[in-house]
Each structure stands twice: as C-alpha cells, then as structure tokens.
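Here the structure comes first, spelled out in structure tokens, and everything after it is commentary.
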Amino acid sequence: MRTINWFKYSSPASFYPLAGKLIPYFTVLAVVLTAVGLYMGFFVAPTDYKQGEGYRIMFIHVPAAWMSMFIYLVMAVYAGAGLVFNTRLSSMMASALAPTGALFTFLALWTGSFWGKPMWGAWWVWDARLTSELILLFLYIGFMSLKAAIDDPRRAARASGLLAIIGAINIPIIYFSVQWWNTLHQGASISITSGTSMEATMLTTLLVMSFAFWMYAIAVVLARVRCEILEAEGDTEWVAAQLGKGQ
Amino acid sequence: MEVVDLVCVRGERRLFQDLSFSQAVGELLYVHGPNGSGKTTLLRTLCGLMLPEAGEIRWRGENIRRLGEDYHREMAYVGHLNGVKDELTAFENLRVMAQLAGADDCDERAVAALQRLELSACAELPGKVLSQGQKRRVALARLLVAPRTLWIMDEPFNALDVKAVATIQDILIEHLDNGGMAILTTHQEVEITADRARHIRLGA
Amino acid sequence: MLTALWWVVVRDLTLAMRRRADVLTTLFFFVIVVSLFPLGVGPEMNTLRLMGPGVVWVAALLASMLSLGRLFSADYIDGSLEQMILTPRPLAVLVLGKVLSHWLVSGVPLVLMAPLLGVQYGLSAQALGVLVVSLLLGTPVLSLVGAVGAALTLGLRGGGVLVSLLVLPLYIPVLIFGAGSVEASVTGLGAQAHLSLLGAILVPALVFTPWATGWALRISME
C-alpha cells in the first residue's frame with residue numbers, strides 16, 4: 001500500500017493520526033464505487049440468457065470471494081512481517097484485517113447460497129469454490145480464536161501470526177485438494193461460475209465492485225487498527241494527549 | 001556475559017529498563033527484589049527463553065540470539081519447575097538430561113551426580129514418589145551431568161533442608177573455583193567470599 | 001543429531017509405556033466412533049460400503065486430534081519442555097523425535113486396527129489394503145501438522161477444542177486424498193495418484209513442520 005516513508009509510519013504513535021486522515025477518503029471512494037457497481041450490476045448489465053436475473057447476485061458473490069482470499073494473503077504478509085521484524089504495528093494490522101476478511105468470506109458463502117437456490121433448488125452446493133470458502137472461513141475463525149484465547153498480547157500476536165502464515169501456505173494445497181475432490185465426484189461437479197459467459201459490462205461491473213469492496217476494507221481496517229493501537233498503547237503519554245483532545 | 005540496556009516487559013507491565021551489567025568468570029551474581037519485580041523474567045531472558053523488549057545480551061561478545069545453540073552448550077538453567085518426569089526414576093531422569101545435553105558416558109555421569117547430591121538411595125525410585133526436596137535435588141543435579149560454564153538458577157534452595165543447602169553451596173563454590181560463573185536469585189544468603197559476590201536489585 | 005533423535009524417541013516411548021491408559025483411550029475412541037456410524041445411518045451394506053473409507057478416515061483424524069494434547073503438555077507442565085529448548089540440540093530434531101514417538105503410539109495402532117473396522121463396512125480385501133497404506137502415509141502427517149497446533153495452544157484454557165479448530169482445516173487435504181484413494185481403487189481408477197499425493201504431502205511435512213513447531217514452542221514459552 002503506502003511505500004513512501006514506510007519506516008516513519010511504522011510506529012503506532014505516528015500511524016494513528018495518518019490512519020485517521022486517510023479513513024474519510026477511502027470511505028467516500030467505497031460508497032461511491034459501491035453505488036456505481038450496484039447500479040451497473042442491477043440495471044446496466046444485460047440479462048444472462050442462461051441464468052436470467054438471478055445471476056446478478058454474482059456481482060456481490062465473486063468480488064466478496066476475491067476479497068476474502070486477498071485479505072487473507074495480506075493478513076499473512078503482515079503477520080509474517082510482525083514475526084520476523086518484531087514490529088507491533090504489523091501484528092495489529094494482521095488482527096485488524098481478520099474480521100473484515102471473515103466477513104467477506106461469510107458474505108461470499110451467503111450470496112453463493114442465494115445463487116444456488118434458484119439455479120439448482122438447493123441452499124448449499126458442494127462445489128469447489130464454496131467448499132474452499134468454507135474452509136477459508138474456518139481458517140479465519142481459527143486465527144481469531146487463537147488470538148482471543150491467549151492473554152499475553154505479545155504471545156497472542158506471534159502465535160496467531162505463525163498460524164496465519166501456515167494457513168497461507170496451506171491455502172493452495174487445500175484449494176487443489178478440494179478441486180480434486182470435486183471433479184472426482186461427478187455428481188456434484190456443478191460450478192457456480194461455469195454458467196455465465198463473461199460479457200464486457202459484466203467484467204467491468206465485477207471490477208468496480210471489487211474495488212468498492214477493497215476501498216471499504218481499507219477504510220474499515222484502518223478504523224479498526226486505530227482502536228487496536230489505542231488499546232495496546234493505552235498507558236502511554238501520546239494516547240492520553242489524544243484522548244484529552246477529544247479525538 | 002554482558003547485558004546492555006535491557007528492557008523487559010511482561011503482559012502490559014514494564015518490569016525494568018536500562019539494566020546493564022557484566023560478569024566475568026569466577027563471579028557470582030545475586031538478583032534481589034520483591035516478588036513480582038521481574039527476577040524470574042530476567043533470568044529467563046538471560047537464558048534466551050524470552051525475548052527482551054529492548055537491549056542486548058552478549059556472551060563472549062556476541063548476541064545470544066545469534067549464538068543460539070552454541071550459547072546453550074555453555075549454560076545450564078534450573079528454574080522454578082524441576083523438569084523431573086514422574087514416570088522416570090531419578091537415575092533415568094538424569095541420564096536423559098545428560099543425553100540431551102550432549103555428554104558422553106551418560107550412565108556414569110548420572111550415577112556420579114546422584115552420589116554428589118546424596119540421592120544414590122533414590123536412584124531407582126520414580127519421580128512420583130520422591131519428596132519435593134529430593135526432586136529439587138534431582139533438578140539441581142542436572143548442573144553436574146554436563147560441564148557448563150554459566151549456571152543460571154532461580155531460587156535453587158527452595159524446598160531444601162539445611163544439609164542439602166550446604167551441599168549445593170559447596171558445589172557452587174567448586175564451580176566458581178573451576179572457571180564457572182553463576183547468576184541466581186534466592187531468599188537465602190549463600191556463604192561465599194564477599195569479593196566474588198555481586199548484587200543487583202530490581203523493582204526499586 | 002541422530003543420537004538426539006533416538007534418545008528422545010526412547011524417552012517418550014518409555015513414558016508412554018508407563019502411562020498406558022492414555023494410549024489405549026485413543027484407540028478405543030477410534031473404534032467407538034467408527035462403530036457409531038452404522039447405528040446412525042442404518043445397516044444397509046451398500047450405503048456403508050460407500051461411506052466406509054470416509055468414516056474410518058474421519059475417525060482416525062478425530063482420534064489423532066484428541067491425542068495431540070499428550071504431545072507437549074506433560075513436558076510443559078513439569079518444566080522438561082523448557083529444558084529441551086535450552087539444550088544444544090536443534091529443537092526441530094527434538095520435536096521430530098517427539099512426533100515420531102507420538103505417531104508410533106497413537107497413529108500406528110489406528111493403522112493396524114483399520115482393517116478390522118473396515119470389515120464392519122463390507123470393504124473388500126483390496127480396499128482394505130489401500131486403506132491401510134493410505135493411513136500409513138497419512139497418519140504421520142496428522143501427527144506432524146497436529147504438533148504445530150499443539151505447540152501453538154500450549155497451556156491455554158480452550159485446550160482440545162481450540163486445537164481442533166486450528167488443525168482440522170489443515171487436515172482436510174490429507175482426508176481428501178486418503179479417503180479418496182480407497183474409493184479410487186474400488187471404482188477401478190487406481191489409487192496411485194492419491195497415494196502419491198499423500199506421499200507428496202508427507203515429505204515436505206517431515207522437513208518443515210518440526211521447524212515450524214519449534215518456532216511455535218518458543219513463542220508459547222515466552
């Protein structure tokens with residue numbers, strides 16, 4: 001993300017105000033892009049001749065799925081940085097990312113279910129993508145549970161960080177094995193995305209929604225990390241000053 | 001051993017900061033302080049079990065983080081926990097300690113250590129049936145199964161009777177005389193010539 | 001380095017021998033779980049034959065996970081673990097030794113028991129053979145990967161449930177290839193692909209997980 005003056009902002013004390021300043025921009029971008037994306041998705045994109053109107057849920061499902069995986073990778077990178085370089089801010093970013101990532105995973109699963117119902121009459125289909133998303137949700141929940149179960153904040157950050165890295169390394173293996181499992185059992189090998197052929201407007205809408213989600217994620221994560229910083233640095237002087245200012 | 005500007009944190013509390021000292025061969029260092037002042041944390045950090053918040057610990061001029069196993073080859077630690085398995089006999093416990101410490105003639109060393117600490121009678125008894133004092137002596141016997149320069153001991157005299165305390169004191173003095181050094185915390189004063197013993201107070 | 005491995009294995013096996021009850025409970029759990037399924041699903045042999053490999057594998061997974069608590073917690077509680085970290089031996093080697101003994105004590109009995117249980121599900125001799133091989137390749141991975149989970153959750157309150165949550169997603173590929181191998185051999189597709197994939201997971205696991213577990217142990221000991 002930000003590569004300018006990286007080390008200057010790597011201390012929680014200086015990152016806090018920077019994050020505060022950035023949040024409004026990302027929020028605005030998120031709102032605007034979501035509005036545009038949803039409009040395009042529901043009004044502009046043409047009706048799919050195979051799936052009718054029901055497919056439009058894909059404009060939320062697919063970007064949510066992409067974001068859920070992207071966020072996990074970013075989380076693992078921050079966690080790794082926190083472990084290797086022993087920087088507290090990296091670990092805080094990792095734990096701030098987790099709930100948002102889990103939310104997107106859940107959203108992907110939920111919208112996937114809504115998509116499946118009119119298509120195949122079932123609320124759940126064991127296709128490769130949905131199953132992988134489910135496993136990803138377990139990975140997120142595992143990360144958050146481990147962090148919550150450890151009282152010592154430092155051990156919590158380091159342990160959950162190691163778990164995130166191990167999860168990230170395992171994701172390709174898990175995805176591959178689930179694909180394998182799915183294609184082997186021919187009965188349920190319907191893929192939710194295999195029905196639509198991508199038209200230009202559809203692709204654009206997907207990209208717009210993806211960016212919208214990305215902006216939202218950044219805004220929310222920055223807000224959350226500010227809370228984490230306050231909690232972790234609660235007894236330092238600069239926090240007392242901030243709170244005194246009524247920030 | 002050289003400690004530079006050490007800062008240790010436990011949970012949310014800063015235990016101490018800017019702690020610096022150095023120690024040479026033949027010296028004994030006492031760490032004093034009220035309960036909760038960070039004595040155990042300091043000792044564990046000196047072992048390398050915990051990472052300090054800031055500062056450096058050097059052994060023979062090099063950071064112990066970098067030395068890793070080489071540092072462990074020269075130090076021995078006896079903490080609050082004894083590290084004695086209930087299901088193994090006293091002899092077996094010491095033999096495993098010797099094997100893991102990389103010593104040769106593990107059997108002989110284990111027997112000799114038991115003898116020195118007057119535990120030969122308990123050699124074939126499992127940890128389960130040993131008294132607290134006996135278990136503590138087995139834990140301390142680990143110092144004798146492999147030659148180590150630095151001894152770090154956290155309240156070694158806990159649960160020991162007067163005779164055992166005297167034995168440990170003798171062992172400690174022998175160790176210092178033979179080119180070793182030791183760092184310890186205790187509530188009892190050890191009878192060692194004053195010029196060799198130095199003191200640090202935490203939690204002022 | 002091999003001597004260190006040997007001594008750790010001997011030590012752990014001796015300890016396990018003297019605490020035989022712990023060891024047997026894992027095995028009994030395995031047997032009970034596998035025997036419960038027909039009671040829940042009905043005795044129709046065709047259904048059971050289809051489910052058999054999956055059920056045996058899931059039960060092996062669960063039994064393996066239950067036994068993870070034994071891996072480090074006893075040593076952690078009495079202080080032996082911190083002493084192991086302070087030895088001049090590479091921690092990864094010591095961990096590998098502990099995991100190896102754990103597998104010998106918890107994994108191998110499952111492998112040996114599996115054919116008997118597979119018979120309950122009407123599996124053919126060929127299927128049973130593949131089942132045993134798949135478990136032989138897969139149970140070490142369960143122990144190796146489980147060790148990381150056990151190390152991360154040392155001394156925590158959540159205990160067994162938390163380890164399960166962390167470790168089960170990582171077990172899924174092993175489950176898929178393990179149970180899949182039996183099915184593939186039964187349907188005539190041949191189990192080679194699945195079994196080689198299991199092997200392909202085992203080898204890197206042997207190399208990387210002890211190191212990751214060592215790291216996790218140091219983190220938990222701080």
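Please note that chains go A, B, ... in the order of the structure tokens, that every chain numbers its residues from 1, and that ligands are numbered from 1 in the order shown.
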Got a sec to pull out which chain B residues are within 12 Å of chain A, counting only C-alpha atoms, and send them as an NGL selection string?
:B and (9-14 or 50-54)
*Which residues come within 12 Å of stretch 201-209 of chain C, counting only C-alpha atoms, excluding same-chain residues fewer than 5 positions away, as number ranges by chain?*
A: 162, 166, 169-170, 173-174, 177; C: 91-93, 95-97, 99-100, 134-151, 170-175, 177-178, 194-196, 214-217
Resulting file, chosen residues, C-alpha atoms, as a PDB file, in the first residue's frame:
ATOM      1  CA  LEU A 162       2.545 -18.050  12.789  1.00  0.00           C
ATOM      2  CA  ILE A 166       0.888 -21.666   7.970  1.00  0.00           C
ATOM      3  CA  ILE A 169       0.988 -21.775   2.788  1.00  0.00           C
ATOM      4  CA  ASN A 170      -1.718 -24.391   3.054  1.00  0.00           C
ATOM      5  CA  ILE A 173      -2.812 -27.200  -1.109  1.00  0.00           C
ATOM      6  CA  ILE A 174      -6.330 -27.069   0.288  1.00  0.00           C
ATOM      7  CA  SER A 177      -7.298 -30.936  -2.956  1.00  0.00           C
TER       8      SER A 177
ATOM      9  CA  LEU C  91      14.869 -28.025  18.571  1.00  0.00           C
ATOM     10  CA  ALA C  92      13.470 -29.296  15.269  1.00  0.00           C
ATOM     11  CA  VAL C  93      15.238 -32.617  15.803  1.00  0.00           C
ATOM     12  CA  VAL C  95      10.378 -32.136  18.035  1.00  0.00           C
ATOM     13  CA  LEU C  96      10.702 -34.677  15.251  1.00  0.00           C
ATOM     14  CA  GLY C  97      11.604 -37.269  17.865  1.00  0.00           C
ATOM     15  CA  VAL C  99       6.256 -36.502  16.938  1.00  0.00           C
ATOM     16  CA  LEU C 100       7.725 -39.801  15.788  1.00  0.00           C
ATOM     17  CA  SER C 134      -3.310 -44.533   2.925  1.00  0.00           C
ATOM     18  CA  LEU C 135      -3.477 -44.404   6.712  1.00  0.00           C
ATOM     19  CA  LEU C 136       0.169 -45.380   6.938  1.00  0.00           C
ATOM     20  CA  LEU C 137       1.081 -42.410   4.763  1.00  0.00           C
ATOM     21  CA  GLY C 138      -1.487 -40.050   6.224  1.00  0.00           C
ATOM     22  CA  THR C 139      -1.285 -40.568   9.991  1.00  0.00           C
ATOM     23  CA  PRO C 140       2.304 -39.266  10.221  1.00  0.00           C
ATOM     24  CA  VAL C 141       1.136 -36.072   8.522  1.00  0.00           C
ATOM     25  CA  LEU C 142      -1.678 -35.808  11.057  1.00  0.00           C
ATOM     26  CA  SER C 143       0.848 -36.074  13.873  1.00  0.00           C
ATOM     27  CA  LEU C 144       3.279 -33.646  12.240  1.00  0.00           C
ATOM     28  CA  VAL C 145       0.727 -30.966  11.445  1.00  0.00           C
ATOM     29  CA  GLY C 146      -1.113 -31.533  14.696  1.00  0.00           C
ATOM     30  CA  ALA C 147       2.117 -30.885  16.558  1.00  0.00           C
ATOM     31  CA  VAL C 148       2.126 -27.317  15.279  1.00  0.00           C
ATOM     32  CA  GLY C 149      -1.388 -26.825  16.598  1.00  0.00           C
ATOM     33  CA  ALA C 150      -0.482 -28.405  19.932  1.00  0.00           C
ATOM     34  CA  ALA C 151       2.569 -26.160  20.230  1.00  0.00           C
ATOM     35  CA  LEU C 170      -5.129 -28.175   7.653  1.00  0.00           C
ATOM     36  CA  TYR C 171      -6.058 -31.860   7.829  1.00  0.00           C
ATOM     37  CA  ILE C 172      -8.565 -31.608   5.006  1.00  0.00           C
ATOM     38  CA  PRO C 173      -6.215 -32.325   2.063  1.00  0.00           C
ATOM     39  CA  VAL C 174      -4.959 -35.466   3.828  1.00  0.00           C
ATOM     40  CA  LEU C 175      -8.529 -36.576   4.405  1.00  0.00           C
ATOM     41  CA  PHE C 177      -6.564 -37.888  -0.655  1.00  0.00           C
ATOM     42  CA  GLY C 178      -6.671 -40.598   1.980  1.00  0.00           C
ATOM     43  CA  HIS C 194      -3.977 -40.347  -4.454  1.00  0.00           C
ATOM     44  CA  LEU C 195      -1.276 -42.253  -2.664  1.00  0.00           C
ATOM     45  CA  SER C 196       1.490 -40.386  -4.429  1.00  0.00           C
ATOM     46  CA  GLY C 214       9.873 -25.473  17.259  1.00  0.00           C
ATOM     47  CA  TRP C 215       9.113 -21.875  16.441  1.00  0.00           C
ATOM     48  CA  ALA C 216       5.623 -22.212  17.874  1.00  0.00           C
ATOM     49  CA  LEU C 217       7.047 -23.765  21.055  1.00  0.00           C
TER      50      LEU C 217
END
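The shortest atom-to-atom distance to chain B, with only C-alpha atoms taken into account, belongs to C:Leu94 out of C:Val111, C:Ala200, C:Leu62, C:Leu94.
Note that the spacing between atom CA of C:Gly118 and atom CA of C:Arg70 amounts to 27.2 Å.
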Discussion item. Distance cut-off 6 Å, counting only C-alpha atoms - which residues of chain B neighbour chain C? Return them as a PyMOL selection string.
Written reply: chain B and resi 50+69+72-73+81-83+101
Write the residues of the preceding selection, restricted to C-alpha atoms, as a PDB file, in the first residue's frame.
ATOM      1  CA  MET B  50      12.161 -14.887  26.495  1.00  0.00           C
ATOM      2  CA  GLU B  69      22.803 -23.500  20.303  1.00  0.00           C
ATOM      3  CA  HIS B  72      23.098 -23.288  25.175  1.00  0.00           C
ATOM      4  CA  ARG B  73      26.147 -25.521  25.082  1.00  0.00           C
ATOM      5  CA  LEU B  81       9.918 -26.048  37.614  1.00  0.00           C
ATOM      6  CA  ASN B  82      12.104 -29.068  38.186  1.00  0.00           C
ATOM      7  CA  GLY B  83      11.932 -30.720  34.811  1.00  0.00           C
ATOM      8  CA  ALA B 101      22.968 -32.117  26.983  1.00  0.00           C
TER       9      ALA B 101
END
Expressed in Å, the length from atom CA of B:Arg198 to atom CA of B:Gln134 is 29.2 Å
Open item on the list: Based on the backbone DSSP call, show me all residues of stretch 38-243 of chain A assigned alpha helix (DSSP H), as a ChimeraX atom specification.
Closed with: /A:38-39,58-85,88-120,128-149,153-184,200-232,237-243
Near chain C, which residues of chain A fall within 10 Å when you count only C-alpha atoms, and what do they look like as a PyMOL selection string? chain A and resi 83+134-143+145-146+149-152+154-160+162-163+166-167+170-171+173-178+180-182+184-185
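Of the listed residues B:His80, B:Arg116, B:Arg65, B:Arg60, the one whose atoms come nearest to B:Thr40 is B:His80, with distances taken using only C-alpha atoms.
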Taking 5 positions as the minimum chain separation for residues in the same chain, which residues sit within 12 Å of B:Ala141 when counting only C-alpha atoms? Answer as a PyMOL selection string. chain B and resi 76-78+82-84+90-91+93-95+97-98+109-120+134-136+146-147+151+156+164+167-168+171-172
Restricting the output to N, CA and C atoms, write the selected residues as a tab-separated table (two decimals), in the first residue's frame.
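What landed in out-v2.tsv:
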chain	number	residue	atom	x	y	z
B	76	ALA	N	23.59	-23.66	31.76
B	76	ALA	CA	22.59	-24.56	32.32
B	76	ALA	C	21.61	-23.74	33.14
B	77	TYR	N	20.35	-24.14	33.12
B	77	TYR	CA	19.31	-23.37	33.81
B	77	TYR	C	18.52	-24.28	34.74
B	78	VAL	N	18.33	-23.81	35.96
B	78	VAL	CA	17.41	-24.51	36.86
B	78	VAL	C	16.37	-23.48	37.28
B	82	ASN	N	10.95	-28.18	38.05
B	82	ASN	CA	12.10	-29.07	38.19
B	82	ASN	C	12.52	-29.77	36.91
B	83	GLY	N	11.59	-29.98	36.02
B	83	GLY	CA	11.93	-30.72	34.81
B	83	GLY	C	12.20	-32.17	35.12
B	84	VAL	N	11.54	-32.70	36.13
B	84	VAL	CA	11.71	-34.09	36.51
B	84	VAL	C	10.45	-34.85	36.15
B	90	ALA	N	14.84	-41.51	39.22
B	90	ALA	CA	15.79	-40.40	39.36
B	90	ALA	C	16.98	-40.61	38.42
B	91	PHE	N	17.45	-41.85	38.39
B	91	PHE	CA	18.59	-42.16	37.53
B	91	PHE	C	18.24	-41.92	36.06
B	93	ASN	N	15.96	-40.04	34.81
B	93	ASN	CA	15.80	-38.61	34.57
B	93	ASN	C	17.14	-37.97	34.26
B	94	LEU	N	18.12	-38.25	35.12
B	94	LEU	CA	19.42	-37.63	34.94
B	94	LEU	C	20.11	-38.13	33.68
B	95	ARG	N	19.87	-39.40	33.38
B	95	ARG	CA	20.52	-39.93	32.18
B	95	ARG	C	19.99	-39.22	30.94
B	97	MET	N	18.75	-36.24	30.87
B	97	MET	CA	19.30	-34.88	30.87
B	97	MET	C	20.72	-34.88	30.30
B	98	ALA	N	21.49	-35.91	30.67
B	98	ALA	CA	22.87	-35.97	30.17
B	98	ALA	C	22.88	-36.19	28.67
B	109	ARG	N	27.94	-40.49	34.42
B	109	ARG	CA	27.72	-39.13	34.90
B	109	ARG	C	26.47	-39.03	35.76
B	110	ALA	N	25.42	-39.71	35.33
B	110	ALA	CA	24.18	-39.68	36.10
B	110	ALA	C	24.41	-40.25	37.50
B	111	VAL	N	25.11	-41.39	37.56
B	111	VAL	CA	25.38	-42.01	38.86
B	111	VAL	C	26.21	-41.09	39.74
B	112	ALA	N	27.24	-40.49	39.14
B	112	ALA	CA	28.11	-39.59	39.90
B	112	ALA	C	27.33	-38.40	40.43
B	113	ALA	N	26.46	-37.84	39.60
B	113	ALA	CA	25.68	-36.67	40.03
B	113	ALA	C	24.77	-37.05	41.19
B	114	LEU	N	24.13	-38.21	41.08
B	114	LEU	CA	23.26	-38.65	42.16
B	114	LEU	C	24.04	-38.80	43.46
B	115	GLN	N	25.26	-39.33	43.32
B	115	GLN	CA	26.08	-39.53	44.51
B	115	GLN	C	26.42	-38.21	45.17
B	116	ARG	N	26.83	-37.25	44.37
B	116	ARG	CA	27.24	-35.96	44.89
B	116	ARG	C	26.11	-35.29	45.67
B	117	LEU	N	24.90	-35.50	45.19
B	117	LEU	CA	23.77	-34.87	45.87
B	117	LEU	C	23.10	-35.81	46.86
B	118	GLU	N	23.80	-36.90	47.17
B	118	GLU	CA	23.32	-37.84	48.17
B	118	GLU	C	21.95	-38.39	47.84
B	119	LEU	N	21.76	-38.72	46.57
B	119	LEU	CA	20.49	-39.27	46.15
B	119	LEU	C	20.62	-40.72	45.71
B	120	SER	N	21.79	-41.33	45.95
B	120	SER	CA	22.00	-42.69	45.45
B	120	SER	C	20.94	-43.65	45.93
B	134	GLN	N	13.76	-33.90	47.37
B	134	GLN	CA	14.53	-34.83	46.54
B	134	GLN	C	14.40	-34.46	45.06
B	135	LYS	N	13.19	-34.09	44.66
B	135	LYS	CA	13.01	-33.69	43.27
B	135	LYS	C	13.85	-32.46	42.95
B	136	ARG	N	13.89	-31.53	43.91
B	136	ARG	CA	14.68	-30.32	43.68
B	136	ARG	C	16.14	-30.68	43.52
B	146	ALA	N	26.74	-32.40	32.86
B	146	ALA	CA	27.50	-31.96	31.69
B	146	ALA	C	28.25	-30.69	32.08
B	147	PRO	N	29.47	-30.55	31.64
B	147	PRO	CA	30.25	-29.36	32.04
B	147	PRO	C	29.69	-28.10	31.40
B	151	TRP	N	25.95	-20.96	35.05
B	151	TRP	CA	24.80	-21.57	35.73
B	151	TRP	C	23.80	-20.46	36.05
B	156	PRO	N	17.24	-21.74	43.81
B	156	PRO	CA	17.66	-23.14	43.84
B	156	PRO	C	17.45	-23.80	45.21
B	164	ALA	N	21.11	-30.19	52.63
B	164	ALA	CA	21.14	-30.09	51.17
B	164	ALA	C	21.62	-28.71	50.74
B	167	THR	N	25.27	-28.67	50.83
B	167	THR	CA	25.85	-29.39	49.69
B	167	THR	C	25.85	-28.51	48.43
B	168	ILE	N	24.72	-27.88	48.18
B	168	ILE	CA	24.63	-27.05	46.98
B	168	ILE	C	25.62	-25.89	47.06
B	171	ILE	N	28.93	-27.16	46.11
B	171	ILE	CA	29.00	-27.40	44.65
B	171	ILE	C	29.18	-26.08	43.93
B	172	LEU	N	28.46	-25.07	44.40
B	172	LEU	CA	28.52	-23.77	43.75
B	172	LEU	C	29.93	-23.18	43.87
Inset, instruction - Considering only C-alpha atoms, return as a PyMOL selection string whatever protein or nucleic-acid residues lie within 9 Å of A:Phe114, sequence-local ones (same chain, fewer than 5 positions apart) excluded. - result: chain A and resi 54+57+109+123-124
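All residues within stretch 102-178 of chain B that the backbone DSSP calculation assigns to strand (DSSP E) are Leu150, Trp151, Ile152, Met153 and Asp154 of chain B.
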Those same residues, written as a PDB file, in the first residue's frame with C-alpha atoms?
ATOM      1  CA  LEU B 150      27.333 -20.439  33.180  1.00  0.00           C
ATOM      2  CA  TRP B 151      24.796 -21.568  35.728  1.00  0.00           C
ATOM      3  CA  ILE B 152      21.523 -19.673  35.957  1.00  0.00           C
ATOM      4  CA  MET B 153      19.438 -20.661  38.954  1.00  0.00           C
ATOM      5  CA  ASP B 154      16.056 -19.391  40.072  1.00  0.00           C
TER       6      ASP B 154
END
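When atom CA of C:Val119 is paired with atom CA of C:Leu24, their separation reads 21.2 Å.
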- [ ] Write out as a ChimeraX atom specification which residues come within 8 Å of stretch 30-32 of chain A when counting only C-alpha atoms, dropping same-chain ones fewer than 5 positions away.
- [x] /A:211-216
### Task
Pick out the residues sitting within 12 Å of A:Thr34, and hand them over as a VMD selection string; count only C-alpha atoms, and ignore anything fewer than 5 positions along from it in its own chain.
chain A and resid 26 to 29 39 to 42 59 to 60 63 205 to 216
